[in-house]
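Undergrad: Before I ask anything, let me first share the structure, which is written out below as structure tokens.
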Amino acid sequence: MAILSAKLVEVIQLGTEIAGLIDLPVKYWPLPGQYLPCQRLDGDMDGLATPLFPVLVGPNRLALGALPATWQPGDLVACAAPQGHGFSLPGSVRRVGLVPYGVSPNRLLTLVPDGLAQQAAVSLFTDRGIPEDVLARVPSQVEILPLAALVEEPGWPDYLAVDVDRSGLTTFIDQVAPHTWRCEAEVLIFTPMPCRGVGECGVCAVRTRRGWRYVCADGPVFPLKEVVHVAR
Amino acid sequence: MAILSAKLVEVIQLGTEIAGLIDLPVKYWPLPGQYLPCQRLDGDMDGLATPLFPVLVGPNRLALGALPATWQPGDLVACAAPQGHGFSLPGSVRRVGLVPYGVSPNRLLTLVPDGLAQQAAVSLFTDRGIPEDVLARVPSQVEILPLAALVEEPGWPDYLAVDVDRSGLTTFIDQVAPHTWRCEAEVLIFTPMPCRGVGECGVCAVRTRRGWRYVCADGPVFPLKEVVHVAR
Amino acid sequence: MWLDEERPVLKRELLLDKPFVNASGTLGFAPEPRLAPALRGLGAFITNPISRAPRVPAANRAVIPFLGGFLLHSGYPNPGITRVISHFRQRWAAAPLPVIVHLLVETPADIAEMLPKLEGLENILAVELGLPPDCHPDLLAALFEAGYGELPLVPCVSPEQVPVLLGVLTGLGPAAVHLVEPRGALPGGDGEIIPGRLYGPAIFPVMLRAARVLVTAGLRVIANGGVTARWQVDALLETGVLAVGLGSALWGIDQGMRLLSAEP
Amino acid sequence: MWLDEERPVLKRELLLDKPFVNASGTLGFAPEPRLAPALRGLGAFITNPISRAPRVPAANRAVIPFLGGFLLHSGYPNPGITRVISHFRQRWAAAPLPVIVHLLVETPADIAEMLPKLEGLENILAVELGLPPDCHPDLLAALFEAGYGELPLVPCVSPEQVPVLLGVLTGLGPAAVHLVEPRGALPGGDGEIIPGRLYGPAIFPVMLRAARVLVTAGLRVIANGGVTARWQVDALLETGVLAVGLGSALWGIDQGMRLLSAEP
Ligand SMILES: Cc1cc2nc3c(=O)[nH]c(=O)nc-3n(C[C@H](O)[C@H](O)[C@H](O)COP(=O)(O)OP(=O)(O)OC[C@H]3O[C@@H](n4cnc5c(N)ncnc54)[C@H](O)[C@@H]3O)c2cc1C
Ligand SMILES: Cc1cc2nc3c(=O)[nH]c(=O)nc-3n(C[C@H](O)[C@H](O)[C@H](O)COP(=O)(O)OP(=O)(O)OC[C@H]3O[C@@H](n4cnc5c(N)ncnc54)[C@H](O)[C@@H]3O)c2cc1C
Ligand SMILES: Cc1cc2nc3c(=O)[nH]c(=O)nc-3n(C[C@H](O)[C@H](O)[C@H](O)COP(=O)(O)O)c2cc1C
Ligand SMILES: Cc1cc2nc3c(=O)[nH]c(=O)nc-3n(C[C@H](O)[C@H](O)[C@H](O)COP(=O)(O)O)c2cc1C
Ligand code: FES
Ligand code: FES
């Protein structure tokens with residue numbers, strides 16, 4: 001249980017979310033899809049940590065989000081070690097699809113640099129408008145398409161990364177029909193994680209093919225096929 | 001029940017207290033010893049107003065204190081009308097004594113400009129060190145003396161203004177022996193005023209010669225002789 | 001004047017034409033003109049607690065903030081029922097809204113002495129009973145027995161009293177039950193532990209749950225709730241309470257007013 | 001191993017060598033090595049709630065913040081007593097501190113079936129009983145009757161249960177009573193009202209008052225309290241509780257640790 005006290009250096013508005021640069025050694029940076037349990041010192045006295053995920057930024061900078069609205073630059077933040085299973089983009093893939101479903105695209109966009117680095121085409125499938133300020137930070141090689149494009153041509157991607165709120169899983173399955181996908185696919189399930197695994201409280205539970213699993217410890221990223229038929 | 005929404009323009013450290021300049025029409029400025037019930041909009045959600053008193057500042061500026069530590073410049077503040085009975089410095093007095101007992105001198109120092117304007121000698125009697133930054137704002141004509149000076153020569157002042165926490169009244173009476181004073185004297189009794197009179201809750205009550213009185217409505221400034229023998 | 005020919009006067013039933021009241025202790029003893037803006041939003045005015053004999057402020061009176069609210073300990077100072085009536089009966093009669101008188105009662109004798117003094121006064125809608133914290137079901141039944149008369153009785157219960165008193169309450173079938181703030185304790189400035197009522201949004205989840213228990217048992221409920229936001233009013237009304245009691249919000253500068261004037 | 005020759009084993013009495021425990025549900029089913037820093041500060045480890053049959057997470061599981069705390073509704077998921085014991089008995093036995101097993105009980109039959117499975121296991125200090133919210137005094141007495149045996153029983157009561165159960169508790173004279181978080185309710189994201197336990201500093205004044213009532217009645221008390229600061233620990237200990245239960249503070253990054261490692 002390494003605990004680090006770090007400073008919130010800068011605060012960035014990313015669409016509707018607030019992200020922050022936290023002064024952390026690189027070895028503490030969470031990977032795409034992982035999270036860092038953080039708690040502002042001398043505030044947030046309910047005792048709960050906020051899980052912060054890597055979100056879109058430029059090279060050599062790590063922005064974490066979404067920050068609670070009350071956090072201010074200069075605040076000291078206690079951080080536990082990065083936690084959970086993130087995305088694992090296979091080195092062989094050539095056509096990467098990103099599907100932020102009903103959530104901001106910020107967490108998935110952290111996969112863009114790796115995708116482009118391995119010469120893959122990267123498409124973002126979404127029906128929600130992408131805020132100007134976020135769009136300005138997305139490399140121009142990334143194609144932005146409506147979800148219908150994926151539903152019509154589910155064979156195009158050879159890797160798909162989904163980001164969805166637990167409460168949106170059923171609608172997602174109904175609308176997007178992910179069982180028609182043949183490629184490798186992973187899903188980040190976004191849900192409150194009050195105990196971040198410390199208490200096995202079960203509030204973050206999802207049903208999977210292999211029984212109940214906890215998003216905080218077994219996720220937040222799952223193979224899509226593990227949850228697609230049973231999740232609720 | 002006039003309600004004004006005003007901006008907190010500037011925040012000033014005055015010794016251990018924080019004071020603020022609030023962008024208020026002059027007719028809403030409380031007089032020395034009066035208070036302005038204020039509540040920060042979108043914060044302080046317990047529903048209680050904070051009573052802000054005039055505190056030491058230069059000419060044509062009104063600083064109010066003590067501000068809650070969470071208030072920031074730019075915050076919007078809802079203010080009710082100035083409330084309560086303040087000090088009434090008689091125009092005839094020539095030797096004014098100020099006695100902040102166990103509290104900061106900031107509230108009493110607002111009497112200095114009027115005292116000096118009427119050519120009175122003004123002395124501040126206190127055994128607590130006065131913080132540098134406060135001292136720097138006190139006109140050099142004001143003499144600063146230990147309490148013992150007043151106890152030894154109670155006949156010197158022809159007007160005395162006292163500021164004391166309700167919980168400190170008994171000690172004050174024991175140590176300073178105000179019944180030996182012959183001059184006109186007033187006392188600001190500082191105590192929480194949760195309902196500011198709206199509910200007649202009685203939390204601010206003090207016993208006076210004429211029965212129980214409420215600091216929020218009948219005070220905060222009382223003739224000293226009303227409370228000196230019975231207050232508790 | 002509130003009672004008029006047009007309006008049906010239903011004994012033992014409480015009709016409020018707006019779904020808000022004030023919590024006892026928050027607006028004083030009578031609906032004074034200075035309170036007019038708040039009064040326009042209320043369905044009834046509830047007086048400060050009134051006891052048989054005069055009460056002085058508690059020696060250890062205090063307000064102690066905590067995260068999400070504050071504890072208040074006052075001693076319920078009041079000049080006693082006789083002086084309250086002679087002082088305020090005219091103002092109650094002339095009020096622009098009906099008045100509910102809050103009585104502090106410990107024994108059946110208290111109520112038997114106090115209630116007759118109120119009967120016959122104008123514009124009194126009901127009498128609220130402030131109960132001791134350890135009120136036994138038998139005591140509540142005896143208080144109702146002693147208080148049977150013209151005026152509907154509204155017992156006040158705090159959430160920690162609900163499990164003990166639920167059975168007797170459903171049996172008595174009062175005009176309404178008023179769910180009031182929980183009791184708590186906190187160390188004061190000098191470390192002494194101060195008992196008192198808890199106010200502010202911190203208490204809302206406890207109050208919402210207790211309101212649901214009372215409503216589910218078939219009781220007519222007025223519920224305080226540490227309410228400072230409209231969604232809290234809505235949650236209580238959807239639960240089925242007759243009216244929401246505003247407490248500390250009425251002491252703020254304009255929070256209470258915003259709640260009272262908002263469209264439902 | 002905790003039980004050794006030197007130490008007197010007092011049946012029906014609870015000896016804790018440090019004045020802290022965790023609240024049930026906050027540190028999982030067994031004192032795992034990853035929890036070591038927290039465990040060093042605790043006088044005993046309390047397991048997550050364990051039921052007779054397996055329980056799955058509640059369909060409407062949720063955590064809902066409010067000013068000063070949060071509501072938690074989990075459904076108390078657990079694999080049932082039989083699987084819990086086979087999975088964790090070794091870890092309980094090998095633990096660096098004694099273990100208190102928390103059982104969810106609804107009927108005397110529950111406890112009569114579950115308790116014998118625990119007797120004879122090593123390093124179990126006591127069995128805690130999680131009670132239904134409407135637990136009647138007769139039910140509690142029947143549970144004790146059914147549970148009489150080797151292991152001390154520690155009933156868990158929330159503040160709203162104290163007035164109802166105080167009488168029977170003093171009669172039963174349990175090894176200790178554990179005062180646990182109050183129940184509440186809040187609207188969830190879609191407006192549905194979610195019931196659950198309340199955590200965080202907002203509950204402290206209610207817990208301190210209830211702890212005083214229990215201690216004053218002569219009971220030995222372990223008290224949770226939404227404790228996040230040392231002055232709250234001190235206020236509870238001065239009130240006379242045996243130990244303070246830490247809840248949400250143990251889920252923070254280092255708040256719980258600061259409480260556990262501070263000098264008294
Ligand atoms: C069983 C019980 C329960 C209570 N519950 C609560 C509660 O829930 N909440 C709460 O806030 N309070 C409560 N109180 C009231 C409170 O605790 C005090 O008992 C009460 O307010 C009296 O305060 P005291 O101790 O200061 O007064 P006392 O000890 O009665 O002394 C009063 C003093 O004031 C003097 N005095 C009285 N009236 C006047 C006057 N008009 N002018 C000058 N002097 C005067 C008297 O001579 C005397 O010296 C309760 C009291 C009792 C007995
Ligand atoms: C009287 C009572 C009081 C309760 N009190 C509380 C309380 O205070 N706090 C609280 O948090 N909860 C409480 N609960 C528990 C909670 O409300 C739910 O009843 C319980 O958690 C079951 O949730 P559910 O409705 O989702 O499950 P159910 O309606 O029982 O459905 C379970 C579903 O999950 C499936 N399933 C079960 N296990 C698995 C598995 N391992 N793998 C895959 N699928 C599986 C089943 O096939 C079924 O479809 C209480 C329950 C009862 C009956
Ligand atoms: C005359 C009298 C009337 C009372 N009426 C009320 C009442 O209406 N409402 C109330 O909250 N408590 C009432 N009480 C009880 C006190 O609240 C209680 O004694 C006080 O809260 C101390 O209790 P505690 O130490 O258990 O918190 C009354 C007490 C007395 C003596
Ligand atoms: C098997 C079982 C065991 C229970 N044990 C507990 C318990 O240990 N602790 C607890 O808080 N509630 C326990 N309960 C009761 C539930 O908390 C209660 O039904 C739930 O809070 C819903 O109550 P409410 O709607 O009145 O808030 C138990 C319920 C069941 C079915
Ligand atoms: S957050 Fe508690 S088990 Fe996952
Ligand atoms: S503050 Fe309530 S009466 Fe003075």
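Letters A, B, ... mark the chains of the structure tokens in the order given; residue numbers begin at 1 per chain; ligand numbers begin at 1, in order shown.
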Given identical sequences, can you show me chain C least-squares superposed on chain D via all its Cα atoms in order, as a short mmCIF file (atom, residue, chain, number, x, y, z; two decimals) with C-alpha atoms, in the first residue's frame?
TA:
```
data_model
loop_
_atom_site.label_atom_id
_atom_site.label_comp_id
_atom_site.auth_asym_id
_atom_site.auth_seq_id
_atom_site.Cartn_x
_atom_site.Cartn_y
_atom_site.Cartn_z
CA MET C 1 -1.44 -16.61 16.15
CA TRP C 2 -3.23 -14.72 18.76
CA LEU C 3 -4.41 -17.21 21.38
CA ASP C 4 -1.44 -18.22 23.47
CA GLU C 5 -0.73 -19.71 26.87
CA GLU C 6 0.10 -16.38 28.51
CA ARG C 7 -3.17 -14.75 27.71
CA PRO C 8 -6.25 -15.36 29.83
CA VAL C 9 -9.13 -16.41 27.61
CA LEU C 10 -12.21 -14.91 29.16
CA LYS C 11 -15.37 -16.32 27.75
CA ARG C 12 -18.25 -13.85 27.35
CA GLU C 13 -15.97 -10.92 27.87
CA LEU C 14 -14.31 -8.98 25.15
CA LEU C 15 -10.70 -7.93 25.63
CA LEU C 16 -9.20 -5.71 22.98
CA ASP C 17 -5.60 -4.64 23.32
CA LYS C 18 -6.14 -1.60 21.10
CA PRO C 19 -9.22 0.63 21.15
CA PHE C 20 -10.02 0.31 17.44
CA VAL C 21 -11.89 -2.12 15.26
CA ASN C 22 -13.06 -1.86 11.66
CA ALA C 23 -16.74 -1.62 10.85
CA SER C 24 -18.11 -4.79 9.28
CA GLY C 25 -18.00 -4.44 5.51
CA THR C 26 -14.97 -2.17 5.35
CA LEU C 27 -11.99 -4.56 5.14
CA GLY C 28 -13.36 -7.70 3.52
CA PHE C 29 -13.67 -11.23 4.88
CA ALA C 30 -10.21 -11.85 6.31
CA PRO C 31 -7.18 -9.90 7.54
CA GLU C 32 -5.16 -10.27 4.35
CA PRO C 33 -1.48 -9.29 4.25
CA ARG C 34 -2.28 -6.32 1.95
CA LEU C 35 -4.17 -4.77 4.90
CA ALA C 36 -1.16 -5.09 7.25
CA PRO C 37 -0.65 -1.37 7.99
CA ALA C 38 -4.28 -0.97 9.05
CA LEU C 39 -4.35 -4.25 10.97
CA ARG C 40 -1.45 -3.13 13.17
CA GLY C 41 -3.71 -0.44 14.62
CA LEU C 42 -6.76 -2.63 15.27
CA GLY C 43 -7.68 -4.53 18.41
CA ALA C 44 -9.76 -6.99 16.38
CA PHE C 45 -10.71 -7.61 12.76
CA ILE C 46 -14.41 -7.74 11.94
CA THR C 47 -15.42 -9.69 8.85
CA ASN C 48 -17.82 -8.57 6.15
CA PRO C 49 -21.42 -9.66 6.82
CA ILE C 50 -21.94 -13.37 6.22
CA SER C 51 -25.33 -14.97 5.65
CA ARG C 52 -26.61 -18.54 5.87
CA ALA C 53 -27.10 -18.79 2.10
CA PRO C 54 -25.10 -16.94 -0.57
CA ARG C 55 -26.24 -13.39 -1.38
CA VAL C 56 -25.69 -11.61 -4.67
CA PRO C 57 -25.15 -7.86 -5.03
CA ALA C 58 -28.37 -5.82 -4.84
CA ALA C 59 -29.82 -5.00 -8.24
CA ASN C 60 -29.96 -1.33 -7.26
CA ARG C 61 -26.54 -1.28 -5.57
CA ALA C 62 -25.29 2.28 -5.19
CA VAL C 63 -23.16 4.77 -3.36
CA ILE C 64 -24.86 8.16 -3.08
CA PRO C 65 -22.94 11.11 -1.64
CA PHE C 66 -24.61 13.77 0.48
CA LEU C 67 -23.24 16.74 2.40
CA GLY C 68 -20.97 15.24 5.05
CA GLY C 69 -21.16 11.59 4.03
CA PHE C 70 -22.55 8.96 1.70
CA LEU C 71 -25.19 6.27 1.58
CA LEU C 72 -24.07 2.77 0.67
CA HIS C 73 -26.35 0.01 -0.58
CA SER C 74 -24.62 -3.20 -1.56
CA GLY C 75 -26.91 -6.11 -0.77
CA TYR C 76 -24.19 -7.57 1.49
CA PRO C 77 -22.99 -9.94 -1.21
CA ASN C 78 -21.23 -12.98 0.24
CA PRO C 79 -20.82 -16.62 -0.70
CA GLY C 80 -22.69 -17.88 2.38
CA ILE C 81 -21.31 -19.21 5.67
CA THR C 82 -20.17 -22.61 4.42
CA ARG C 83 -18.08 -21.31 1.58
CA VAL C 84 -16.76 -18.39 3.65
CA ILE C 85 -15.49 -20.76 6.31
CA SER C 86 -13.82 -23.18 3.93
CA HIS C 87 -12.21 -20.26 2.12
CA PHE C 88 -11.09 -18.15 5.08
CA ARG C 89 -10.68 -20.32 8.20
CA GLN C 90 -6.94 -20.73 7.63
CA ARG C 91 -6.47 -17.01 7.16
CA TRP C 92 -8.49 -16.29 10.29
CA ALA C 93 -6.39 -18.75 12.28
CA ALA C 94 -3.12 -17.30 11.03
CA ALA C 95 -4.12 -13.68 11.49
CA PRO C 96 -1.97 -11.32 13.57
CA LEU C 97 -5.06 -10.17 15.48
CA PRO C 98 -8.27 -11.78 16.74
CA VAL C 99 -11.23 -12.07 14.40
CA ILE C 100 -14.87 -11.18 15.08
CA VAL C 101 -17.19 -12.89 12.61
CA HIS C 102 -20.20 -10.82 11.53
CA LEU C 103 -23.32 -12.90 10.83
CA LEU C 104 -26.46 -11.62 9.16
CA VAL C 105 -29.29 -13.17 11.14
CA GLU C 106 -33.02 -12.95 10.66
CA THR C 107 -34.30 -15.90 12.67
CA PRO C 108 -33.15 -18.07 15.56
CA ALA C 109 -32.84 -20.88 13.03
CA ASP C 110 -30.20 -18.86 11.13
CA ILE C 111 -28.01 -18.56 14.16
CA ALA C 112 -28.62 -22.10 15.32
CA GLU C 113 -27.37 -23.32 11.97
CA MET C 114 -24.46 -20.91 11.55
CA LEU C 115 -22.92 -20.74 15.01
CA PRO C 116 -21.90 -24.41 15.37
CA LYS C 117 -19.93 -24.09 12.14
CA LEU C 118 -17.79 -21.41 13.81
CA GLU C 119 -17.23 -23.05 17.17
CA GLY C 120 -13.88 -24.78 17.32
CA LEU C 121 -12.33 -22.52 14.65
CA GLU C 122 -9.13 -20.89 15.82
CA ASN C 123 -8.65 -17.23 16.69
CA ILE C 124 -12.34 -16.27 16.71
CA LEU C 125 -12.87 -13.74 19.49
CA ALA C 126 -16.61 -13.27 19.13
CA VAL C 127 -19.56 -13.39 16.80
CA GLU C 128 -21.34 -10.21 15.79
CA LEU C 129 -25.02 -10.30 14.95
CA GLY C 130 -26.29 -8.09 12.13
CA LEU C 131 -29.98 -7.58 12.88
CA PRO C 132 -32.93 -6.73 10.64
CA PRO C 133 -33.96 -3.05 10.85
CA ASP C 134 -37.29 -3.82 12.52
CA CYS C 135 -35.81 -6.28 15.04
CA HIS C 136 -38.24 -6.75 17.92
CA PRO C 137 -36.90 -7.20 21.47
CA ASP C 138 -38.37 -10.70 21.54
CA LEU C 139 -36.47 -11.61 18.38
CA LEU C 140 -33.20 -10.40 19.89
CA ALA C 141 -33.85 -12.45 23.03
CA ALA C 142 -34.65 -15.52 20.92
CA LEU C 143 -31.47 -15.02 18.88
CA PHE C 144 -29.42 -14.99 22.08
CA GLU C 145 -31.22 -18.07 23.32
CA ALA C 146 -30.43 -19.86 20.07
CA GLY C 147 -26.85 -18.58 20.06
CA TYR C 148 -25.87 -19.49 23.59
CA GLY C 149 -22.56 -21.33 23.43
CA GLU C 150 -18.82 -20.93 23.42
CA LEU C 151 -18.51 -17.69 21.57
CA PRO C 152 -19.49 -14.31 23.00
CA LEU C 153 -22.28 -12.66 20.99
CA VAL C 154 -22.07 -8.99 20.06
CA PRO C 155 -25.35 -7.60 18.72
CA CYS C 156 -25.07 -4.71 16.28
CA VAL C 157 -27.61 -1.94 16.76
CA SER C 158 -28.00 1.28 14.84
CA PRO C 159 -29.00 4.50 16.65
CA GLU C 160 -32.66 4.26 15.62
CA GLN C 161 -32.79 0.77 17.18
CA VAL C 162 -31.38 1.86 20.54
CA PRO C 163 -34.65 3.03 22.14
CA VAL C 164 -36.46 -0.17 21.15
CA LEU C 165 -33.73 -2.62 22.13
CA LEU C 166 -32.16 -0.92 25.16
CA GLY C 167 -34.29 -2.76 27.67
CA VAL C 168 -33.67 -6.25 26.32
CA LEU C 169 -29.97 -5.49 25.81
CA THR C 170 -29.40 -4.57 29.44
CA GLY C 171 -31.26 -7.72 30.42
CA LEU C 172 -29.16 -9.95 28.15
CA GLY C 173 -25.87 -8.39 29.26
CA PRO C 174 -23.92 -9.19 26.09
CA ALA C 175 -20.10 -9.23 26.01
CA ALA C 176 -20.45 -5.97 24.10
CA VAL C 177 -22.88 -4.07 21.91
CA HIS C 178 -21.65 -2.72 18.58
CA LEU C 179 -23.25 0.60 17.68
CA VAL C 180 -23.32 0.70 13.88
CA GLU C 181 -24.25 3.25 11.24
CA PRO C 182 -27.83 4.54 10.95
CA ARG C 183 -30.01 3.58 8.04
CA GLY C 184 -31.21 6.22 5.62
CA ALA C 185 -32.60 6.68 2.13
CA LEU C 186 -31.78 8.91 -0.83
CA PRO C 187 -32.98 9.22 -4.40
CA GLY C 188 -30.61 7.46 -6.80
CA GLY C 189 -29.65 8.66 -10.28
CA ASP C 190 -32.99 7.72 -11.80
CA GLY C 191 -35.09 9.01 -8.90
CA GLU C 192 -35.70 5.61 -7.31
CA ILE C 193 -35.36 5.88 -3.53
CA ILE C 194 -32.42 3.74 -2.40
CA PRO C 195 -32.19 2.53 1.21
CA GLY C 196 -28.82 2.00 2.83
CA ARG C 197 -26.38 2.67 5.62
CA LEU C 198 -24.99 6.18 6.13
CA TYR C 199 -21.25 6.78 6.49
CA GLY C 200 -19.07 9.82 7.04
CA PRO C 201 -18.74 12.63 9.59
CA ALA C 202 -22.36 13.74 9.11
CA ILE C 203 -23.47 10.89 11.36
CA PHE C 204 -21.08 11.61 14.23
CA PRO C 205 -23.43 13.65 16.50
CA VAL C 206 -26.14 10.98 16.29
CA MET C 207 -23.62 8.24 17.05
CA LEU C 208 -22.05 10.07 19.99
CA ARG C 209 -25.46 10.57 21.56
CA ALA C 210 -26.47 6.94 21.06
CA ALA C 211 -23.13 5.75 22.46
CA ARG C 212 -23.77 7.79 25.60
CA VAL C 213 -27.20 6.27 26.01
CA LEU C 214 -25.77 2.73 25.73
CA VAL C 215 -22.83 3.39 28.05
CA THR C 216 -25.08 5.09 30.61
CA ALA C 217 -27.26 1.99 30.62
CA GLY C 218 -24.22 0.01 31.78
CA LEU C 219 -23.47 -1.74 28.49
CA ARG C 220 -20.00 -2.39 27.08
CA VAL C 221 -19.97 -0.58 23.77
CA ILE C 222 -17.99 -0.61 20.55
CA ALA C 223 -19.05 2.45 18.58
CA ASN C 224 -18.74 3.38 14.94
CA GLY C 225 -19.17 7.09 14.42
CA GLY C 226 -18.37 8.37 10.96
CA VAL C 227 -15.03 9.13 12.58
CA THR C 228 -12.49 10.98 10.46
CA ALA C 229 -10.64 13.01 13.11
CA ARG C 230 -8.86 12.33 16.37
CA TRP C 231 -11.15 14.59 18.46
CA GLN C 232 -14.04 12.31 17.53
CA VAL C 233 -12.14 9.24 18.72
CA ASP C 234 -11.40 11.05 21.98
CA ALA C 235 -15.01 12.13 22.52
CA LEU C 236 -16.19 8.53 22.08
CA LEU C 237 -13.49 7.07 24.33
CA GLU C 238 -14.19 9.67 27.04
CA THR C 239 -17.83 8.68 26.83
CA GLY C 240 -16.67 5.25 27.94
CA VAL C 241 -16.76 3.03 24.86
CA LEU C 242 -14.39 0.02 24.73
CA ALA C 243 -13.36 0.71 21.18
CA VAL C 244 -14.10 2.92 18.18
CA GLY C 245 -15.10 1.33 14.90
CA LEU C 246 -13.62 2.93 11.80
CA GLY C 247 -15.78 2.87 8.70
CA SER C 248 -15.33 5.03 5.63
CA ALA C 249 -12.05 6.43 6.93
CA LEU C 250 -10.47 3.05 6.14
CA TRP C 251 -11.38 3.49 2.49
CA GLY C 252 -9.58 6.79 2.21
CA ILE C 253 -5.98 6.86 1.10
CA ASP C 254 -4.35 7.60 4.42
CA GLN C 255 -6.96 9.07 6.74
CA GLY C 256 -7.67 5.80 8.50
CA MET C 257 -3.95 5.19 8.91
CA ARG C 258 -3.43 8.58 10.50
CA LEU C 259 -6.17 7.82 13.04
CA LEU C 260 -4.82 4.38 13.82
CA SER C 261 -1.22 5.47 14.22
CA ALA C 262 -1.77 8.68 16.20
CA GLU C 263 -0.72 8.70 19.83
CA PRO C 264 -3.78 8.67 22.08
#
```
Undergrad: Given a cut-off of 10 Å, which residues of chain A touch chain D, counting only C-alpha atoms, written out as a VMD selection string?
TA: chain A and resid 1 to 5 37 to 42 44 to 50 77 to 80 167 191 to 207 212 232
Undergrad: Between CA of Leu188 (chain A) and CA of Phe87 (chain A), what distance in Å does the model show, to one decimal?
TA: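 Here the two named atoms are 8.0 Å from each other.
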Undergrad: Residues at most 10 Å from region 218-230 of chain A, counting only C-alpha atoms, excluding those fewer than 4 positions away in the same chain, as a ChimeraX atom specification?
TA: /A:32-35,83-88,160-163,169-170,172-173,177-179,181,184-191,193,197,204-214
Undergrad: Please return, as a ChimeraX atom specification, all residues of region 43-206 of chain D that DSSP assigns to strand (DSSP E) on the basis of the backbone.
TA: /D:45-46,62-66,69-73,99-104,124-130,153-157,177-179,183-187,193-199
Undergrad: Quote the spacing between CA of Arg182 (chain A) and CA of Leu124 (chain A) in Å to one decimal place.
TA: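 Atom-to-atom, CA of Arg182 (chain A) and CA of Leu124 (chain A) are spaced 18.0 Å apart.
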Undergrad: If we count only C-alpha atoms and set the cut-off at 7 Å, which residues sit around region 143-149 of chain A, ignoring sequence neighbours fewer than 4 positions away in its own chain? Please answer as a PDB file with N, CA and C atoms, in the first residue's frame.
TA:
```
ATOM      1  N   VAL A 122      -7.209   4.673 -36.792  1.00  0.00           N
ATOM      2  CA  VAL A 122      -8.000   4.779 -35.561  1.00  0.00           C
ATOM      3  C   VAL A 122      -9.299   5.526 -35.865  1.00  0.00           C
ATOM      4  N   SER A 123     -10.422   4.907 -35.550  1.00  0.00           N
ATOM      5  CA  SER A 123     -11.718   5.576 -35.730  1.00  0.00           C
ATOM      6  C   SER A 123     -12.436   5.672 -34.389  1.00  0.00           C
ATOM      7  N   LEU A 124     -13.075   6.821 -34.200  1.00  0.00           N
ATOM      8  CA  LEU A 124     -13.861   7.033 -32.988  1.00  0.00           C
ATOM      9  C   LEU A 124     -15.326   7.007 -33.397  1.00  0.00           C
ATOM     10  N   PHE A 125     -16.096   6.068 -32.824  1.00  0.00           N
ATOM     11  CA  PHE A 125     -17.513   5.944 -33.188  1.00  0.00           C
ATOM     12  C   PHE A 125     -18.377   6.530 -32.086  1.00  0.00           C
ATOM     13  N   THR A 126     -19.088   7.590 -32.412  1.00  0.00           N
ATOM     14  CA  THR A 126     -19.941   8.199 -31.398  1.00  0.00           C
ATOM     15  C   THR A 126     -21.040   9.023 -32.034  1.00  0.00           C
ATOM     16  N   ASP A 127     -22.182   9.078 -31.369  1.00  0.00           N
ATOM     17  CA  ASP A 127     -23.285   9.918 -31.839  1.00  0.00           C
ATOM     18  C   ASP A 127     -23.380  11.218 -31.058  1.00  0.00           C
ATOM     19  N   GLU A 153     -21.008  -1.805 -40.507  1.00  0.00           N
ATOM     20  CA  GLU A 153     -19.796  -2.498 -40.963  1.00  0.00           C
ATOM     21  C   GLU A 153     -19.027  -3.041 -39.756  1.00  0.00           C
TER      22      GLU A 153
END
```
Undergrad: So which residues of region 158-232 of chain A fall under helix (DSSP H, G or I) by DSSP, listed as a PyMOL selection string?
TA: chain A and resi 166-176+178-180+215-218+224-227
